[in-house]
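Asks: Dropping the structure in here first, questions after.
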Amino acid sequence: MRVLKYAILGLLDQRELTGYDITKHFKDSLGQFWSAKHSQIYPELKRLTEEGFIEFDIHIQGKKLEKKVYQITGAGKEELRQWLRTKDPIPETTKDEFMLKTFFISSMDKKEAADLFAYQLLERTKKVDVLEQKLHALTEEDPSAESLHSAQFGHYLVLTRAIEREKGYVRWLQKTLKRIDSSMI
Ligand code: FER
């Protein structure tokens, strides 16, 4: 399935955007959990335009610079809604190489294992910090972000879930480190 197609339709359902704006959304927020390459976005915009799901106006910037400002069409809104309504099975768990190493922990000595877990704990703790800062900035900017009718509610939800997930990971890492430290060998 062309999921990128729906990501672009979703963004354009919120407001009209240039290709550059869309790329920026992928860099700043959406791409943090649904990455897309710059090189995929422009062909997808072309294809969506040909399919009649989006259209553009040319805006003149300065003397010569032209930019395409994209909008979603009625057909595009219908296409997006149809995708939003479909129910998804739980996706396969994403591959986490650290989990694979964890699976083989018995091949490491105590110090090596503790070292690996301590590093992972540090990195995951930093990730929680970054996510919490982002959430703080979001609710600062839009205090209504926590309510269903805010345009930022979706962003709020993805961030809060990521925070819960990472905090859970941190708790498990701490517990495991204790277990490693208190082991005899
Ligand atoms: C953001 C939106 C979502 C963001 C991160 C996420 C750091 C989610 C990350 C994850 O699920 O790991 O703006 O900024």
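Each chain in the structure tokens gets a letter, A, B and so on, in the order shown; residues start at 1 in every chain, and ligands are counted from 1 in the order they appear.
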Around ligand 1, out to 8 Å and counting only C-alpha atoms and all ligand atoms, which residues are there? I want them as a ChimeraX atom specification.
Replies: /A:28-33,130-131,134-135,155-156,158-159,161-163,166
Asks: Can you write just those residues out, C-alpha atoms, as an mmCIF file, in the first residue's frame?
Replies:
data_model
loop_
_atom_site.group_PDB
_atom_site.id
_atom_site.type_symbol
_atom_site.label_atom_id
_atom_site.label_comp_id
_atom_site.auth_asym_id
_atom_site.auth_seq_id
_atom_site.Cartn_x
_atom_site.Cartn_y
_atom_site.Cartn_z
ATOM 1 C CA ASP A 28 10.054 17.796 12.081
ATOM 2 C CA SER A 29 7.174 15.637 13.230
ATOM 3 C CA LEU A 30 5.624 12.987 11.020
ATOM 4 C CA GLY A 31 8.980 11.598 9.912
ATOM 5 C CA GLN A 32 9.918 10.888 13.524
ATOM 6 C CA PHE A 33 7.662 7.859 13.352
ATOM 7 C CA VAL A 130 13.581 14.825 23.716
ATOM 8 C CA LEU A 131 10.003 13.550 23.475
ATOM 9 C CA LYS A 134 8.625 18.267 22.226
ATOM 10 C CA LEU A 135 5.364 17.591 24.070
ATOM 11 C CA HIS A 155 0.455 15.028 17.298
ATOM 12 C CA TYR A 156 -0.232 15.094 21.049
ATOM 13 C CA VAL A 158 1.593 10.110 19.001
ATOM 14 C CA LEU A 159 3.966 11.915 21.330
ATOM 15 C CA ARG A 161 2.294 7.143 23.306
ATOM 16 C CA ALA A 162 5.981 7.361 22.342
ATOM 17 C CA ILE A 163 6.753 8.725 25.837
ATOM 18 C CA GLU A 166 10.115 4.774 26.028
#
Asks: Which residues, written as JSON, numbers by chain, have at least one atom at most 10 Å from Gly76 of chain A, with only C-alpha atoms counted and residues fewer than 2 positions away on the same chain left out?
Replies: {"A": [6, 9, 10, 12, 13, 48, 49, 51, 52, 53, 54, 55, 71, 72, 73, 74, 78, 79, 80, 81, 82]}
Asks: Return the single residue from A:Tyr70, A:Trp34, A:Ala114, A:Ile41 that is closest to Arg15 of chain A, with distances computed using only C-alpha atoms.
Replies: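 Closest to Arg15 of chain A, using only C-alpha atoms: A:Tyr70.
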Asks: Based on the backbone DSSP call, show me all residues of segment 30-171 of chain A assigned alpha helix (DSSP H), as a PyMOL selection string.
Replies: chain A and resi 38-50+74-85+97-103+110-141+153-171
Asks: Rounded to one decimal in Å, what is the spacing between atom CA of Ala7 of chain A and atom CA of Asp142 of chain A?
Replies: 22.2 Å
Asks: For the structure I just gave you, how does DSSP split segment 33-91 of chain A - specifically, which residues are strand (DSSP E)? Reply as a PyMOL selection string.
Replies: chain A and resi 54-61+65-72
Asks: Export C-alpha atoms of the chosen residues as a compact mmCIF listing (two decimals), in the first residue's frame?
Replies:
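The resulting part.txt:
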# COMPACT_ATOMS: atom_id res chain seq x y z
CA ILE A 54 -4.80 16.95 -4.99
CA GLU A 55 -4.37 20.06 -7.13
CA PHE A 56 -2.11 23.07 -7.02
CA ASP A 57 -2.06 26.80 -7.58
CA ILE A 58 1.06 28.55 -8.72
CA HIS A 59 2.08 31.33 -6.38
CA ILE A 60 4.61 33.87 -7.51
CA GLN A 61 7.23 34.67 -4.95
CA LEU A 65 10.23 32.33 -8.21
CA GLU A 66 7.13 30.23 -8.72
CA LYS A 67 5.94 27.74 -6.18
CA LYS A 68 3.19 25.16 -6.32
CA VAL A 69 0.80 25.31 -3.41
CA TYR A 70 -1.07 22.02 -3.08
CA GLN A 71 -4.63 21.51 -1.87
CA ILE A 72 -6.65 18.38 -1.30
Asks: Grab the atom CA of Thr94 of chain A to atom CA of Ser35 of chain A distance for me, in Å with one decimal place.
Replies: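 So the answer is 13.7 Å.
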Asks: When you draw a straight line from atom CA of Arg171 of chain A to atom CA of Phe103 of chain A, how long is it in Å?
Replies: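 That distance, rounded to one decimal, is 18.1 Å.
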Asks: Within 12 Å of Trp172 of chain A, counting only C-alpha atoms, which residues qualify if same-chain residues fewer than 5 places away don't, as a list in words?
Replies: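 So the residues in contact are Phe117, Ala118, Gln120, Leu121, Arg124, Thr125, Arg165, Glu166, Lys167, Leu177, Lys178 and Arg179 of chain A.
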